[in-house]
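See below for the structure under consideration.
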Amino acid sequence: MLTIRRSHERGHADHGWLDSHHTFSFADYHDPRHMGFRTLRVINEDCVAPGKGFGTHSHRDMEIISYVLAGALEHKDSLGTGSVIRPGDVQRMSAGTGVAHSEFNSSHTEPVHFLQIWILPETRGSAPGYEQKRFEPEARSGRLRLIASRDGREGSVVIHQDVALYAALLAPGQSVTHSFAPGRHGWLQVARGAVTVGDATLRAGDGAALEQTEKIEIAGVEAAELLLFDLA
């Protein structure tokens, strides 16, 4: 069963320096029908103006993944980590017992466009941690590349939850398939372009819950970038 969450249905906040769309309830946007999906709690699509960003703020008991679509995102945290995340990089921050961090657009001329994803952890009160890895376009082109998993298999970043997160780049006419084990569920998020899943067409910003589904085929209609979550 495919349940589509259209881009224009998402919550929206325009703060001038930040333009943000919320797939699920977040901050001042609250919709009891869209509080998350399984352990997936937040998918925010953020565009941050040049030289602007989120000042130091705290998180706890959350697995936070940043996936940059365009531009460069500068990260600093209380663990002593400092990095710049660009397209192809995947950053995982485990907030655990508590971590403070800041995120800024490292460019003073170009915006940064990224997805911020929150996943509920399996256990509360774990030690905070950070990990960042790069996945070149060639590794994601025409295939579902595992980029995050509980056991870090295939070189993916480790998340402390029973979730497998895949990324793919599809040219028009290319397709990928994914099979779900019994009892598993999926969430598909289209970041750019357009794809078809069965008879449905999903475009940039659209998401879809996949339930009671054994196998899906995702085909590119336009050059597309997507994330697929395989969830317990």
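Chain lettering (A, B, ...) mirrors the order of the structure tokens, residue numbering begins at 1 for each chain separately, and ligand numbering begins at 1 in order of display.
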Handout entry: Shell of 7 Å around A:His22, only C-alpha atoms, local chain residues under 2 positions omitted, as a PyMOL selection string
Key = chain A and resi 10-12+20+24-26+43-45
Practice task
Would you kindly return, as a ChimeraX atom specification, each protein, DNA or RNA residue with an atom no farther than 9 Å from any atom of A:His75, considering only C-alpha atoms and excluding same-chain residues fewer than 3 positions away?
Solution key: /A:81-85,101-104
Would you output that residue set with N, CA and C atoms, as a compact mmCIF listing (two decimals), in the first residue's frame?
# COMPACT_ATOMS: atom_id res chain seq x y z
N THR A 81 33.88 18.27 17.20
CA THR A 81 33.84 18.02 15.76
C THR A 81 33.63 19.33 15.00
N GLY A 82 34.38 19.50 13.93
CA GLY A 82 34.18 20.60 13.01
C GLY A 82 34.34 20.09 11.60
N SER A 83 33.36 20.33 10.74
CA SER A 83 33.43 19.79 9.39
C SER A 83 32.57 20.62 8.46
N VAL A 84 32.78 20.43 7.16
CA VAL A 84 31.93 21.02 6.13
C VAL A 84 31.35 19.87 5.32
N ILE A 85 30.03 19.87 5.17
CA ILE A 85 29.31 18.79 4.50
C ILE A 85 28.87 19.29 3.13
N HIS A 101 25.28 21.85 19.10
CA HIS A 101 25.96 22.05 17.81
C HIS A 101 25.40 23.27 17.10
N SER A 102 26.13 23.70 16.08
CA SER A 102 25.69 24.78 15.21
C SER A 102 25.85 24.33 13.78
N GLU A 103 25.02 24.90 12.90
CA GLU A 103 25.07 24.59 11.47
C GLU A 103 24.94 25.90 10.70
N PHE A 104 25.91 26.17 9.84
CA PHE A 104 25.91 27.42 9.09
C PHE A 104 26.21 27.15 7.62
Problem - Residue neighbourhood A:Phe54, 12 Å, only C-alpha atoms, exclusion window fewer than 4 positions, as an MDAnalysis selection string - result: chainID A and resid 15 17:18 46:49 58 73:77 100:106
Output file for the residues above (N, CA, C and O atoms, as an mmCIF file, in the first residue's frame):
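Saved the output as out.cif:
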data_model
loop_
_atom_site.group_PDB
_atom_site.id
_atom_site.type_symbol
_atom_site.label_atom_id
_atom_site.label_comp_id
_atom_site.auth_asym_id
_atom_site.auth_seq_id
_atom_site.Cartn_x
_atom_site.Cartn_y
_atom_site.Cartn_z
ATOM 1 N N HIS A 15 11.646 32.005 7.328
ATOM 2 C CA HIS A 15 12.222 32.936 8.293
ATOM 3 C C HIS A 15 13.125 33.966 7.624
ATOM 4 O O HIS A 15 13.881 34.660 8.305
ATOM 5 N N TRP A 17 16.053 34.089 6.275
ATOM 6 C CA TRP A 17 17.339 33.418 6.084
ATOM 7 C C TRP A 17 17.186 31.907 5.911
ATOM 8 O O TRP A 17 18.071 31.239 5.380
ATOM 9 N N LEU A 18 16.027 31.372 6.358
ATOM 10 C CA LEU A 18 15.758 29.942 6.307
ATOM 11 C C LEU A 18 14.381 29.700 5.697
ATOM 12 O O LEU A 18 13.379 30.239 6.171
ATOM 13 N N ASP A 46 15.563 22.040 4.018
ATOM 14 C CA ASP A 46 15.978 23.386 4.416
ATOM 15 C C ASP A 46 16.827 24.049 3.336
ATOM 16 O O ASP A 46 17.714 23.419 2.758
ATOM 17 N N CYS A 47 16.555 25.330 3.117
ATOM 18 C CA CYS A 47 17.408 26.177 2.285
ATOM 19 C C CYS A 47 17.860 27.344 3.160
ATOM 20 O O CYS A 47 17.011 28.095 3.685
ATOM 21 N N VAL A 48 19.166 27.484 3.333
ATOM 22 C CA VAL A 48 19.725 28.507 4.216
ATOM 23 C C VAL A 48 20.473 29.533 3.369
ATOM 24 O O VAL A 48 21.278 29.183 2.504
ATOM 25 N N ALA A 49 20.196 30.806 3.641
ATOM 26 C CA ALA A 49 20.789 31.900 2.880
ATOM 27 C C ALA A 49 22.300 31.964 3.102
ATOM 28 O O ALA A 49 22.813 31.483 4.125
ATOM 29 N N SER A 58 20.896 22.653 21.426
ATOM 30 C CA SER A 58 21.121 21.322 21.994
ATOM 31 C C SER A 58 20.086 20.310 21.520
ATOM 32 O O SER A 58 18.945 20.659 21.196
ATOM 33 N N LEU A 73 27.481 22.923 4.042
ATOM 34 C CA LEU A 73 26.980 23.145 5.388
ATOM 35 C C LEU A 73 28.118 22.951 6.383
ATOM 36 O O LEU A 73 28.719 21.877 6.442
ATOM 37 N N GLU A 74 28.388 23.980 7.172
ATOM 38 C CA GLU A 74 29.458 23.911 8.169
ATOM 39 C C GLU A 74 28.885 23.505 9.515
ATOM 40 O O GLU A 74 27.898 24.077 9.981
ATOM 41 N N HIS A 75 29.536 22.514 10.137
ATOM 42 C CA HIS A 75 29.047 21.932 11.390
ATOM 43 C C HIS A 75 30.118 22.047 12.468
ATOM 44 O O HIS A 75 31.291 21.770 12.225
ATOM 45 N N LYS A 76 29.689 22.452 13.688
ATOM 46 C CA LYS A 76 30.552 22.424 14.864
ATOM 47 C C LYS A 76 29.724 21.919 16.037
ATOM 48 O O LYS A 76 28.542 22.244 16.159
ATOM 49 N N ASP A 77 30.347 21.116 16.921
ATOM 50 C CA ASP A 77 29.590 20.590 18.043
ATOM 51 C C ASP A 77 30.436 20.503 19.308
ATOM 52 O O ASP A 77 31.653 20.709 19.297
ATOM 53 N N ALA A 100 25.506 19.765 21.934
ATOM 54 C CA ALA A 100 25.201 21.092 21.397
ATOM 55 C C ALA A 100 25.955 21.256 20.085
ATOM 56 O O ALA A 100 27.109 20.838 19.972
ATOM 57 N N HIS A 101 25.283 21.854 19.095
ATOM 58 C CA HIS A 101 25.963 22.050 17.814
ATOM 59 C C HIS A 101 25.404 23.270 17.100
ATOM 60 O O HIS A 101 24.373 23.817 17.465
ATOM 61 N N SER A 102 26.130 23.696 16.082
ATOM 62 C CA SER A 102 25.688 24.785 15.213
ATOM 63 C C SER A 102 25.848 24.335 13.777
ATOM 64 O O SER A 102 26.695 23.493 13.464
ATOM 65 N N GLU A 103 25.021 24.900 12.895
ATOM 66 C CA GLU A 103 25.071 24.590 11.471
ATOM 67 C C GLU A 103 24.938 25.896 10.698
ATOM 68 O O GLU A 103 23.956 26.626 10.881
ATOM 69 N N PHE A 104 25.906 26.167 9.845
ATOM 70 C CA PHE A 104 25.908 27.417 9.088
ATOM 71 C C PHE A 104 26.207 27.147 7.621
ATOM 72 O O PHE A 104 26.926 26.209 7.271
ATOM 73 N N ASN A 105 25.664 28.000 6.776
ATOM 74 C CA ASN A 105 26.042 27.999 5.373
ATOM 75 C C ASN A 105 27.461 28.544 5.291
ATOM 76 O O ASN A 105 27.721 29.686 5.661
ATOM 77 N N SER A 106 28.393 27.727 4.813
ATOM 78 C CA SER A 106 29.793 28.157 4.806
ATOM 79 C C SER A 106 30.110 29.102 3.647
ATOM 80 O O SER A 106 31.221 29.632 3.575
#
Handout entry: All residues 12 Å or closer to A:Gln91, only C-alpha atoms, same chain fewer than 2 positions away omitted, as an MDAnalysis selection string
Key = chainID A and resid 63:68 73:76 81:89 93:94 103 114:118 129:135 147:148 156:159
Dump of N, CA and C atoms for the selected residues, as a compact mmCIF listing (two decimals), in the first residue's frame:
# COMPACT_ATOMS: atom_id res chain seq x y z
N GLU A 63 18.76 10.39 16.67
CA GLU A 63 19.74 10.14 15.62
C GLU A 63 19.47 11.16 14.51
N ILE A 64 20.43 12.01 14.21
CA ILE A 64 20.23 13.12 13.27
C ILE A 64 21.15 12.92 12.07
N ILE A 65 20.55 12.89 10.89
CA ILE A 65 21.29 12.70 9.64
C ILE A 65 21.11 13.94 8.78
N SER A 66 22.22 14.47 8.27
CA SER A 66 22.19 15.60 7.34
C SER A 66 22.66 15.12 5.97
N TYR A 67 21.89 15.49 4.94
CA TYR A 67 22.16 15.05 3.57
C TYR A 67 22.07 16.29 2.68
N VAL A 68 23.22 16.76 2.19
CA VAL A 68 23.28 18.01 1.44
C VAL A 68 22.99 17.76 -0.04
N LEU A 73 27.48 22.92 4.04
CA LEU A 73 26.98 23.14 5.39
C LEU A 73 28.12 22.95 6.38
N GLU A 74 28.39 23.98 7.17
CA GLU A 74 29.46 23.91 8.17
C GLU A 74 28.88 23.50 9.52
N HIS A 75 29.54 22.51 10.14
CA HIS A 75 29.05 21.93 11.39
C HIS A 75 30.12 22.05 12.47
N LYS A 76 29.69 22.45 13.69
CA LYS A 76 30.55 22.42 14.86
C LYS A 76 29.72 21.92 16.04
N THR A 81 33.88 18.27 17.20
CA THR A 81 33.84 18.02 15.76
C THR A 81 33.63 19.33 15.00
N GLY A 82 34.38 19.50 13.93
CA GLY A 82 34.18 20.60 13.01
C GLY A 82 34.34 20.09 11.60
N SER A 83 33.36 20.33 10.74
CA SER A 83 33.43 19.79 9.39
C SER A 83 32.57 20.62 8.46
N VAL A 84 32.78 20.43 7.16
CA VAL A 84 31.93 21.02 6.13
C VAL A 84 31.35 19.87 5.32
N ILE A 85 30.03 19.87 5.17
CA ILE A 85 29.31 18.79 4.50
C ILE A 85 28.87 19.29 3.13
N ARG A 86 29.19 18.52 2.10
CA ARG A 86 28.86 18.89 0.72
C ARG A 86 28.05 17.77 0.07
N PRO A 87 27.48 18.00 -1.11
CA PRO A 87 26.74 16.93 -1.78
C PRO A 87 27.58 15.66 -1.89
N GLY A 88 26.98 14.54 -1.51
CA GLY A 88 27.69 13.27 -1.47
C GLY A 88 28.12 12.87 -0.08
N ASP A 89 28.19 13.84 0.84
CA ASP A 89 28.54 13.55 2.23
C ASP A 89 27.28 13.20 3.02
N MET A 93 24.80 12.37 13.52
CA MET A 93 25.10 12.81 14.87
C MET A 93 24.12 12.13 15.82
N SER A 94 24.66 11.35 16.74
CA SER A 94 23.84 10.72 17.79
C SER A 94 23.83 11.65 18.99
N GLU A 103 25.02 24.90 12.90
CA GLU A 103 25.07 24.59 11.47
C GLU A 103 24.94 25.90 10.70
N PHE A 114 19.58 21.35 1.92
CA PHE A 114 19.85 20.03 2.51
C PHE A 114 18.61 19.46 3.17
N LEU A 115 18.67 18.16 3.42
CA LEU A 115 17.64 17.45 4.18
C LEU A 115 18.20 17.14 5.56
N GLN A 116 17.39 17.47 6.58
CA GLN A 116 17.74 17.06 7.94
C GLN A 116 16.73 16.01 8.38
N ILE A 117 17.24 14.89 8.84
CA ILE A 117 16.43 13.72 9.17
C ILE A 117 16.65 13.35 10.63
N TRP A 118 15.56 13.13 11.36
CA TRP A 118 15.65 12.68 12.75
C TRP A 118 15.03 11.29 12.84
N GLY A 129 27.63 10.82 19.74
CA GLY A 129 28.67 10.47 18.79
C GLY A 129 28.45 11.14 17.45
N TYR A 130 29.46 11.06 16.61
CA TYR A 130 29.44 11.74 15.31
C TYR A 130 30.14 10.86 14.27
N GLU A 131 29.63 10.88 13.05
CA GLU A 131 30.25 10.15 11.95
C GLU A 131 29.90 10.84 10.65
N GLN A 132 30.85 10.87 9.72
CA GLN A 132 30.62 11.46 8.41
C GLN A 132 31.34 10.62 7.36
N LYS A 133 30.64 10.29 6.29
CA LYS A 133 31.24 9.53 5.19
C LYS A 133 30.77 10.11 3.86
N ARG A 134 31.56 9.84 2.83
CA ARG A 134 31.25 10.35 1.50
C ARG A 134 30.83 9.20 0.58
N PHE A 135 29.81 9.46 -0.23
CA PHE A 135 29.30 8.50 -1.20
C PHE A 135 29.25 9.20 -2.55
N ILE A 147 23.46 3.97 2.73
CA ILE A 147 24.27 5.05 3.30
C ILE A 147 24.21 5.10 4.82
N ALA A 148 23.22 4.44 5.44
CA ALA A 148 23.14 4.41 6.91
C ALA A 148 22.43 3.12 7.33
N SER A 156 28.39 1.95 5.31
CA SER A 156 27.42 2.98 5.65
C SER A 156 27.71 3.55 7.03
N VAL A 157 27.16 4.73 7.31
CA VAL A 157 27.29 5.29 8.66
C VAL A 157 26.37 4.50 9.59
N VAL A 158 26.72 4.49 10.87
CA VAL A 158 25.98 3.70 11.86
C VAL A 158 24.91 4.57 12.52
N ILE A 159 23.67 4.08 12.51
CA ILE A 159 22.60 4.73 13.26
C ILE A 159 22.09 3.74 14.29
Exercise for the section: Rank A:Val112, A:Val195, A:Ala223, A:Val163 by their smallest atom-to-atom distance to A:Ala72, using only C-alpha atoms, and report the top residue only. Expected result: A:Val112
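When only C-alpha atoms are used to compute distances to A:Glu122, the closest of the residues A:Ala232, A:Ala200, A:Leu146, A:Leu210 turns out to be A:Ala232.
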Practice task
Write down as a PyMOL selection string the residues belonging to stretch 76-184 of chain A that are assigned alpha helix (DSSP H) by DSSP computed on the backbone.
Solution key: chain A and resi 137-140
For the selection you just gave me, I'd like the residues written to a file as a tab-separated table (two decimals), in the first residue's frame, keeping all heavy atoms.
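Below is the file result19.tsv, written as the result:
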chain	number	residue	atom	x	y	z
A	137	PRO	N	28.83	10.23	-6.49
A	137	PRO	CA	27.67	10.03	-7.38
A	137	PRO	C	27.69	8.69	-8.10
A	137	PRO	O	26.64	8.06	-8.28
A	137	PRO	CB	27.79	11.20	-8.37
A	137	PRO	CG	28.51	12.26	-7.61
A	137	PRO	CD	29.48	11.53	-6.72
A	138	GLU	N	28.88	8.22	-8.49
A	138	GLU	CA	28.98	6.95	-9.19
A	138	GLU	C	28.45	5.78	-8.35
A	138	GLU	O	27.93	4.79	-8.89
A	138	GLU	CB	30.43	6.66	-9.58
A	138	GLU	CG	31.01	7.64	-10.60
A	138	GLU	CD	31.43	8.96	-9.97
A	138	GLU	OE1	31.45	9.06	-8.72
A	138	GLU	OE2	31.74	9.90	-10.73
A	139	ALA	N	28.57	5.91	-7.03
A	139	ALA	CA	28.12	4.84	-6.14
A	139	ALA	C	26.61	4.85	-5.95
A	139	ALA	O	26.03	3.86	-5.48
A	139	ALA	CB	28.80	4.96	-4.78
A	140	ARG	N	25.97	5.95	-6.32
A	140	ARG	CA	24.51	6.08	-6.14
A	140	ARG	C	23.76	6.11	-7.46
A	140	ARG	O	22.53	6.10	-7.47
A	140	ARG	CB	24.21	7.36	-5.36
A	140	ARG	CG	24.73	7.36	-3.92
A	140	ARG	CD	24.56	8.71	-3.25
A	140	ARG	NE	25.51	9.70	-3.74
A	140	ARG	CZ	25.22	10.97	-4.01
A	140	ARG	NH1	23.99	11.40	-3.86
A	140	ARG	NH2	26.16	11.78	-4.45
